[in-house]
Amino acid sequence: MANTSVLEGLIQALHRLPGVGVKSASRMAYHLLQHDREGAKLIADALQTAVAEVQHCELCNTFTTQPICLTCADTTRDSSRLCVVESPADQSAVERTAAYKGLYFVLMGRISPLDGQGPKDIGLQKLLERASDGVVSEVILATNFTAEGEATAHVLGEALKRRNVQVTRLARGVPVGSELEYVDLGTIAHALVDRRKA
């Protein structure tokens with residue numbers, strides 16, 4: 001019976017991951033125990049180390065093992081531009097484009113009244129202080145184009161404008177390589193509104 005409860009505990013722990021249902025969690029647990037115990041130990045050790053050592057950057061709030069992350073410590077980056085994203089994963093996506101060389105502020109969430117997340121829960125005050133430091137001249141709102149992301153961008157934008165900070169928002173448009181007939185109507189509509197000179 002004890003073995004079953006230990007196994008059930010592992011399944012429930014894996015089930016906590018986003019997008020992992022009970023069946024998937026069960027498959028993972030059985031696979032690790034039956035075929036890859038070494039992999040299971042690697043995962044367990046990596047999780048323990050990450051939980052013990054990963055913290056939030058004092059400046060941008062992203063994940064780091066140092067008080068100040070490598071991006072914020074990089075003196076070659078443009079400190080006059082601050083890109084606001086919802087998560088470290090979003091920050092990583094922007095970095096992979098190699099098109100942005102400024103600094104970041106990671107909200108670690110978004111405004112979502114249904115989930116009880118308000119402006120204070122995403123570090124609005126810390127963002128306002130950072131954006132008003134006299135160095136930042138532009139804040140780029142790069143929140144997701146979901147209802148919550150749009151609401152977050154609106155609230156942040158209004159708060160920043162009251163402090164006379166220049167605010168821009170990521171443009172929305174038709175993805176590169178796509179055909180219009182397959183693009184959703186909302187994306188086409190936004191692309192028309194945000195059109196630029198050819």
# chains A, B, ... in the order shown; residues from 1 in each chain; ligands from 1

$ residues_around --residues "Asp121 (chain A)" --least-positions-apart "6" --cutoff "10 Å" --atoms "only C-alpha atoms" --output "count of residues only"
6

$ residues_around --residues "region 29-34 of chain A" --least-positions-apart "3" --cutoff "9 Å" --atoms "only C-alpha atoms" --output "ChimeraX atom specification"
/A:7,10-11,14,24-26,37-40

$ write_last_selection --atoms "all heavy atoms" --output "compact mmCIF listing (two decimals), in the first residue's frame"
# COMPACT_ATOMS: atom_id res chain seq x y z
N LEU A 7 3.84 6.11 -5.47
CA LEU A 7 3.63 6.23 -6.92
C LEU A 7 2.54 7.25 -7.22
O LEU A 7 2.68 8.09 -8.11
CB LEU A 7 3.26 4.87 -7.50
CG LEU A 7 3.07 4.80 -9.02
CD1 LEU A 7 4.31 5.30 -9.75
CD2 LEU A 7 2.73 3.39 -9.44
N LEU A 10 3.89 10.70 -6.91
CA LEU A 10 4.67 11.10 -8.08
C LEU A 10 3.75 11.52 -9.22
O LEU A 10 3.98 12.55 -9.87
CB LEU A 10 5.58 9.95 -8.53
CG LEU A 10 6.36 10.17 -9.83
CD1 LEU A 10 7.26 11.40 -9.75
CD2 LEU A 10 7.17 8.92 -10.18
N ILE A 11 2.71 10.75 -9.44
CA ILE A 11 1.75 11.06 -10.51
C ILE A 11 1.09 12.42 -10.24
O ILE A 11 0.98 13.26 -11.14
CB ILE A 11 0.69 9.94 -10.66
CG1 ILE A 11 1.37 8.67 -11.21
CG2 ILE A 11 -0.45 10.37 -11.57
CD1 ILE A 11 0.51 7.43 -11.14
N LEU A 14 3.55 15.26 -10.97
CA LEU A 14 3.70 15.50 -12.41
C LEU A 14 2.45 16.15 -13.00
O LEU A 14 2.53 16.95 -13.94
CB LEU A 14 4.02 14.20 -13.14
CG LEU A 14 5.40 13.59 -12.84
CD1 LEU A 14 5.48 12.16 -13.37
CD2 LEU A 14 6.50 14.45 -13.44
N SER A 24 -1.33 11.45 -18.80
CA SER A 24 0.03 11.79 -19.20
C SER A 24 0.99 11.70 -18.02
O SER A 24 2.11 11.20 -18.15
CB SER A 24 0.09 13.20 -19.79
OG SER A 24 -0.62 13.27 -21.00
N ALA A 25 0.55 12.18 -16.87
CA ALA A 25 1.38 12.11 -15.66
C ALA A 25 1.66 10.65 -15.30
O ALA A 25 2.79 10.31 -14.91
CB ALA A 25 0.68 12.83 -14.50
N SER A 26 0.67 9.79 -15.44
CA SER A 26 0.86 8.36 -15.16
C SER A 26 1.87 7.76 -16.12
O SER A 26 2.77 7.01 -15.69
CB SER A 26 -0.47 7.61 -15.28
OG SER A 26 -1.36 8.03 -14.31
N ARG A 37 15.39 5.34 -14.79
CA ARG A 37 15.60 5.78 -13.40
C ARG A 37 16.72 6.81 -13.31
O ARG A 37 16.67 7.71 -12.48
CB ARG A 37 15.88 4.58 -12.50
CG ARG A 37 14.61 3.79 -12.23
CD ARG A 37 14.79 2.71 -11.20
NE ARG A 37 13.50 2.10 -10.93
CZ ARG A 37 12.89 2.15 -9.77
NH1 ARG A 37 13.43 2.78 -8.75
NH2 ARG A 37 11.72 1.57 -9.61
N GLU A 38 17.72 6.68 -14.17
CA GLU A 38 18.80 7.67 -14.18
C GLU A 38 18.26 9.04 -14.59
O GLU A 38 18.60 10.06 -14.00
CB GLU A 38 19.91 7.24 -15.15
CG GLU A 38 21.12 8.16 -15.09
CD GLU A 38 22.24 7.72 -16.04
OE1 GLU A 38 22.32 6.53 -16.34
OE2 GLU A 38 23.00 8.61 -16.46
N GLY A 39 17.37 9.05 -15.60
CA GLY A 39 16.73 10.30 -16.01
C GLY A 39 15.88 10.88 -14.89
O GLY A 39 15.86 12.10 -14.69
N ALA A 40 15.19 10.02 -14.15
CA ALA A 40 14.38 10.47 -13.03
C ALA A 40 15.25 11.16 -11.97
O ALA A 40 14.88 12.20 -11.42
CB ALA A 40 13.62 9.29 -12.41

$ atom_distance --atom1 "CA of Gln125 (chain A)" --atom2 "CA of Ala142 (chain A)"
17.9 Å

$ select_by_dssp --residues "region 62-117 of chain A" --states "alpha helix (DSSP H)" --output "PyMOL selection string"
chain A and resi 70-73+88-97

$ write_last_selection --atoms "N, CA, C and O atoms" --output "PDB file, in the first residue's frame"
ATOM      1  N   LEU A  70      22.300  38.313 -15.920  1.00  0.00           N
ATOM      2  CA  LEU A  70      23.332  38.609 -16.919  1.00  0.00           C
ATOM      3  C   LEU A  70      22.890  39.703 -17.896  1.00  0.00           C
ATOM      4  O   LEU A  70      23.701  40.519 -18.327  1.00  0.00           O
ATOM      5  N   THR A  71      21.592  39.723 -18.243  1.00  0.00           N
ATOM      6  CA  THR A  71      21.097  40.738 -19.182  1.00  0.00           C
ATOM      7  C   THR A  71      21.198  42.130 -18.578  1.00  0.00           C
ATOM      8  O   THR A  71      21.695  43.064 -19.204  1.00  0.00           O
ATOM      9  N   CYS A  72      20.731  42.282 -17.342  1.00  0.00           N
ATOM     10  CA  CYS A  72      20.799  43.592 -16.676  1.00  0.00           C
ATOM     11  C   CYS A  72      22.241  44.022 -16.415  1.00  0.00           C
ATOM     12  O   CYS A  72      22.548  45.216 -16.403  1.00  0.00           O
ATOM     13  N   ALA A  73      23.134  43.062 -16.216  1.00  0.00           N
ATOM     14  CA  ALA A  73      24.540  43.371 -15.940  1.00  0.00           C
ATOM     15  C   ALA A  73      25.335  43.681 -17.205  1.00  0.00           C
ATOM     16  O   ALA A  73      26.454  44.185 -17.122  1.00  0.00           O
ATOM     17  N   PRO A  88       9.432  34.896 -17.989  1.00  0.00           N
ATOM     18  CA  PRO A  88      10.782  34.647 -18.502  1.00  0.00           C
ATOM     19  C   PRO A  88      10.767  33.926 -19.845  1.00  0.00           C
ATOM     20  O   PRO A  88      11.656  34.141 -20.673  1.00  0.00           O
ATOM     21  N   ALA A  89       9.759  33.088 -20.097  1.00  0.00           N
ATOM     22  CA  ALA A  89       9.647  32.408 -21.396  1.00  0.00           C
ATOM     23  C   ALA A  89       9.413  33.425 -22.504  1.00  0.00           C
ATOM     24  O   ALA A  89       9.969  33.298 -23.610  1.00  0.00           O
ATOM     25  N   ASP A  90       8.598  34.460 -22.234  1.00  0.00           N
ATOM     26  CA  ASP A  90       8.366  35.521 -23.220  1.00  0.00           C
ATOM     27  C   ASP A  90       9.652  36.317 -23.458  1.00  0.00           C
ATOM     28  O   ASP A  90       9.970  36.685 -24.588  1.00  0.00           O
ATOM     29  N   GLN A  91      10.388  36.578 -22.389  1.00  0.00           N
ATOM     30  CA  GLN A  91      11.672  37.274 -22.517  1.00  0.00           C
ATOM     31  C   GLN A  91      12.618  36.472 -23.405  1.00  0.00           C
ATOM     32  O   GLN A  91      13.268  37.017 -24.295  1.00  0.00           O
ATOM     33  N   SER A  92      12.664  35.179 -23.181  1.00  0.00           N
ATOM     34  CA  SER A  92      13.519  34.303 -23.985  1.00  0.00           C
ATOM     35  C   SER A  92      13.121  34.343 -25.461  1.00  0.00           C
ATOM     36  O   SER A  92      13.976  34.359 -26.349  1.00  0.00           O
ATOM     37  N   ALA A  93      11.809  34.386 -25.731  1.00  0.00           N
ATOM     38  CA  ALA A  93      11.326  34.444 -27.118  1.00  0.00           C
ATOM     39  C   ALA A  93      11.787  35.735 -27.794  1.00  0.00           C
ATOM     40  O   ALA A  93      12.246  35.717 -28.943  1.00  0.00           O
ATOM     41  N   VAL A  94      11.691  36.861 -27.086  1.00  0.00           N
ATOM     42  CA  VAL A  94      12.140  38.143 -27.651  1.00  0.00           C
ATOM     43  C   VAL A  94      13.644  38.098 -27.892  1.00  0.00           C
ATOM     44  O   VAL A  94      14.133  38.539 -28.931  1.00  0.00           O
ATOM     45  N   GLU A  95      14.398  37.540 -26.955  1.00  0.00           N
ATOM     46  CA  GLU A  95      15.852  37.442 -27.099  1.00  0.00           C
ATOM     47  C   GLU A  95      16.247  36.621 -28.318  1.00  0.00           C
ATOM     48  O   GLU A  95      17.203  36.947 -29.011  1.00  0.00           O
ATOM     49  N   ARG A  96      15.505  35.545 -28.575  1.00  0.00           N
ATOM     50  CA  ARG A  96      15.838  34.667 -29.703  1.00  0.00           C
ATOM     51  C   ARG A  96      15.684  35.362 -31.048  1.00  0.00           C
ATOM     52  O   ARG A  96      16.274  34.936 -32.039  1.00  0.00           O
ATOM     53  N   THR A  97      14.917  36.445 -31.105  1.00  0.00           N
ATOM     54  CA  THR A  97      14.782  37.183 -32.367  1.00  0.00           C
ATOM     55  C   THR A  97      16.067  37.924 -32.722  1.00  0.00           C
ATOM     56  O   THR A  97      16.282  38.260 -33.885  1.00  0.00           O
TER      57      THR A  97
END

$ select_by_dssp --residues "chain A" --states "strand (DSSP E)" --output "ChimeraX atom specification"
/A:55-56,63-64,78-85,102-106,138-141,166-169

$ residues_around --residues "Ala191 (chain A)" --least-positions-apart "4" --cutoff "12 Å" --atoms "only C-alpha atoms" --output "ChimeraX atom specification"
/A:170-175,180,183-187,195-196

$ write_last_selection --atoms "N, CA and C atoms" --output "CSV table (one decimal), in the first residue's frame"
chain,number,residue,atom,x,y,z
A,170,LEU,N,3.9,46.4,-28.9
A,170,LEU,CA,4.3,45.5,-30.1
A,170,LEU,C,3.2,45.6,-31.1
A,171,ALA,N,3.6,45.7,-32.4
A,171,ALA,CA,2.6,45.7,-33.5
A,171,ALA,C,2.1,44.3,-33.7
A,172,ARG,N,0.8,44.2,-34.1
A,172,ARG,CA,0.2,43.0,-34.5
A,172,ARG,C,0.1,42.9,-36.0
A,173,GLY,N,0.3,41.7,-36.5
A,173,GLY,CA,0.2,41.6,-38.0
A,173,GLY,C,0.1,40.2,-38.5
A,174,VAL,N,0.1,40.1,-39.8
A,174,VAL,CA,0.1,38.8,-40.4
A,174,VAL,C,1.4,38.1,-40.3
A,175,PRO,N,1.5,36.8,-39.8
A,175,PRO,CA,2.7,36.1,-39.7
A,175,PRO,C,3.5,36.0,-41.0
A,180,LEU,N,-3.3,34.9,-46.5
A,180,LEU,CA,-4.4,35.6,-45.9
A,180,LEU,C,-5.6,34.8,-45.7
A,183,VAL,N,-5.4,33.1,-42.3
A,183,VAL,CA,-5.2,33.9,-41.1
A,183,VAL,C,-6.5,34.3,-40.5
A,184,ASP,N,-6.6,34.3,-39.1
A,184,ASP,CA,-7.8,34.7,-38.5
A,184,ASP,C,-8.2,36.1,-38.7
A,185,LEU,N,-9.5,36.4,-38.7
A,185,LEU,CA,-9.9,37.8,-39.1
A,185,LEU,C,-9.4,38.9,-38.1
A,186,GLY,N,-9.3,38.5,-36.8
A,186,GLY,CA,-8.8,39.5,-35.9
A,186,GLY,C,-7.4,40.0,-36.2
A,187,THR,N,-6.5,39.0,-36.6
A,187,THR,CA,-5.2,39.3,-37.0
A,187,THR,C,-5.1,40.2,-38.2
A,195,ARG,N,-1.0,49.1,-40.2
A,195,ARG,CA,-0.2,49.1,-41.5
A,195,ARG,C,0.8,50.2,-41.5
A,196,ARG,N,1.9,50.0,-42.3
A,196,ARG,CA,2.9,51.0,-42.4
A,196,ARG,C,3.2,51.3,-43.9

$ residues_around --residues "region 152-160 of chain A" --least-positions-apart "5" --cutoff "8 Å" --atoms "only C-alpha atoms" --output "ChimeraX atom specification"
/A:110-111,119,124,128,131,141-143,165-167,169

$ closest_residue --among "A:Ser178, A:Gln12, A:Gln48, A:Thr62" --to "Val84 (chain A)" --atoms "only C-alpha atoms"
A:Thr62

$ residues_around --residues "Val136 (chain A)" --least-positions-apart "4" --cutoff "8 Å" --atoms "only C-alpha atoms" --output "list in words"
Ser79, Ser80, Arg81, Leu82, Arg130, Ala131 and Ser132 of chain A

$ closest_residue --among "A:Asp74, A:Glu179, A:Glu86, A:Glu58" --to "Glu150 (chain A)" --atoms "only C-alpha atoms"
A:Glu86

$ closest_residue --among "A:Lys23, A:Lys41, A:Asp194, A:Ile68" --to "Val54 (chain A)" --atoms "only C-alpha atoms"
A:Ile68

$ closest_residue --among "A:Val85, A:Ala189, A:Ala46, A:Val176" --to "Asn144 (chain A)" --atoms "only C-alpha atoms"
A:Val85

$ closest_residue --among "A:Cys83, A:Ala50, A:Ile122, A:Met28" --to "Lys101 (chain A)" --atoms "only C-alpha atoms"
A:Cys83

$ decode --residues "region 163-184 of chain A" --atoms "N, CA and C atoms" --output "PDB file, in the first residue's frame"
ATOM      1  N   ARG A 163       3.183  59.217 -15.789  1.00  0.00           N
ATOM      2  CA  ARG A 163       4.527  59.568 -15.330  1.00  0.00           C
ATOM      3  C   ARG A 163       5.367  60.139 -16.476  1.00  0.00           C
ATOM      4  N   ASN A 164       4.716  60.472 -17.568  1.00  0.00           N
ATOM      5  CA  ASN A 164       5.375  61.060 -18.741  1.00  0.00           C
ATOM      6  C   ASN A 164       6.460  60.161 -19.336  1.00  0.00           C
ATOM      7  N   VAL A 165       6.197  58.853 -19.335  1.00  0.00           N
ATOM      8  CA  VAL A 165       7.100  57.897 -19.946  1.00  0.00           C
ATOM      9  C   VAL A 165       6.552  57.556 -21.330  1.00  0.00           C
ATOM     10  N   GLN A 166       7.425  57.548 -22.341  1.00  0.00           N
ATOM     11  CA  GLN A 166       6.995  57.172 -23.689  1.00  0.00           C
ATOM     12  C   GLN A 166       6.684  55.674 -23.697  1.00  0.00           C
ATOM     13  N   VAL A 167       5.472  55.322 -24.151  1.00  0.00           N
ATOM     14  CA  VAL A 167       5.028  53.933 -24.160  1.00  0.00           C
ATOM     15  C   VAL A 167       4.708  53.506 -25.584  1.00  0.00           C
ATOM     16  N   THR A 168       5.236  52.343 -25.984  1.00  0.00           N
ATOM     17  CA  THR A 168       4.887  51.753 -27.270  1.00  0.00           C
ATOM     18  C   THR A 168       4.388  50.337 -27.023  1.00  0.00           C
ATOM     19  N   ARG A 169       3.711  49.797 -28.029  1.00  0.00           N
ATOM     20  CA  ARG A 169       3.150  48.444 -27.920  1.00  0.00           C
ATOM     21  C   ARG A 169       3.622  47.639 -29.123  1.00  0.00           C
ATOM     22  N   LEU A 170       3.898  46.367 -28.928  1.00  0.00           N
ATOM     23  CA  LEU A 170       4.258  45.514 -30.059  1.00  0.00           C
ATOM     24  C   LEU A 170       3.179  45.612 -31.129  1.00  0.00           C
ATOM     25  N   ALA A 171       3.602  45.683 -32.384  1.00  0.00           N
ATOM     26  CA  ALA A 171       2.631  45.697 -33.484  1.00  0.00           C
ATOM     27  C   ALA A 171       2.072  44.296 -33.679  1.00  0.00           C
ATOM     28  N   ARG A 172       0.829  44.239 -34.139  1.00  0.00           N
ATOM     29  CA  ARG A 172       0.217  42.953 -34.471  1.00  0.00           C
ATOM     30  C   ARG A 172       0.096  42.881 -35.971  1.00  0.00           C
ATOM     31  N   GLY A 173       0.266  41.702 -36.523  1.00  0.00           N
ATOM     32  CA  GLY A 173       0.154  41.603 -37.967  1.00  0.00           C
ATOM     33  C   GLY A 173       0.106  40.182 -38.454  1.00  0.00           C
ATOM     34  N   VAL A 174       0.145  40.051 -39.764  1.00  0.00           N
ATOM     35  CA  VAL A 174       0.068  38.754 -40.422  1.00  0.00           C
ATOM     36  C   VAL A 174       1.428  38.075 -40.301  1.00  0.00           C
ATOM     37  N   PRO A 175       1.463  36.818 -39.839  1.00  0.00           N
ATOM     38  CA  PRO A 175       2.747  36.116 -39.701  1.00  0.00           C
ATOM     39  C   PRO A 175       3.460  35.973 -41.042  1.00  0.00           C
ATOM     40  N   VAL A 176       4.791  36.037 -40.998  1.00  0.00           N
ATOM     41  CA  VAL A 176       5.599  35.869 -42.206  1.00  0.00           C
ATOM     42  C   VAL A 176       5.360  34.476 -42.775  1.00  0.00           C
ATOM     43  N   GLY A 177       5.170  34.408 -44.091  1.00  0.00           N
ATOM     44  CA  GLY A 177       4.986  33.124 -44.758  1.00  0.00           C
ATOM     45  C   GLY A 177       3.563  32.606 -44.763  1.00  0.00           C
ATOM     46  N   SER A 178       2.625  33.397 -44.230  1.00  0.00           N
ATOM     47  CA  SER A 178       1.244  32.912 -44.172  1.00  0.00           C
ATOM     48  C   SER A 178       0.434  33.429 -45.359  1.00  0.00           C
ATOM     49  N   GLU A 179      -0.663  32.750 -45.640  1.00  0.00           N
ATOM     50  CA  GLU A 179      -1.588  33.159 -46.693  1.00  0.00           C
ATOM     51  C   GLU A 179      -2.822  33.751 -46.038  1.00  0.00           C
ATOM     52  N   LEU A 180      -3.283  34.893 -46.543  1.00  0.00           N
ATOM     53  CA  LEU A 180      -4.372  35.625 -45.907  1.00  0.00           C
ATOM     54  C   LEU A 180      -5.621  34.780 -45.668  1.00  0.00           C
ATOM     55  N   GLU A 181      -5.948  33.895 -46.600  1.00  0.00           N
ATOM     56  CA  GLU A 181      -7.189  33.136 -46.446  1.00  0.00           C
ATOM     57  C   GLU A 181      -7.162  32.224 -45.218  1.00  0.00           C
ATOM     58  N   TYR A 182      -5.963  31.938 -44.693  1.00  0.00           N
ATOM     59  CA  TYR A 182      -5.852  31.047 -43.536  1.00  0.00           C
ATOM     60  C   TYR A 182      -5.597  31.799 -42.227  1.00  0.00           C
ATOM     61  N   VAL A 183      -5.433  33.121 -42.310  1.00  0.00           N
ATOM     62  CA  VAL A 183      -5.171  33.929 -41.117  1.00  0.00           C
ATOM     63  C   VAL A 183      -6.496  34.332 -40.486  1.00  0.00           C
ATOM     64  N   ASP A 184      -6.565  34.300 -39.129  1.00  0.00           N
ATOM     65  CA  ASP A 184      -7.832  34.660 -38.475  1.00  0.00           C
ATOM     66  C   ASP A 184      -8.157  36.127 -38.716  1.00  0.00           C
TER      67      ASP A 184
END
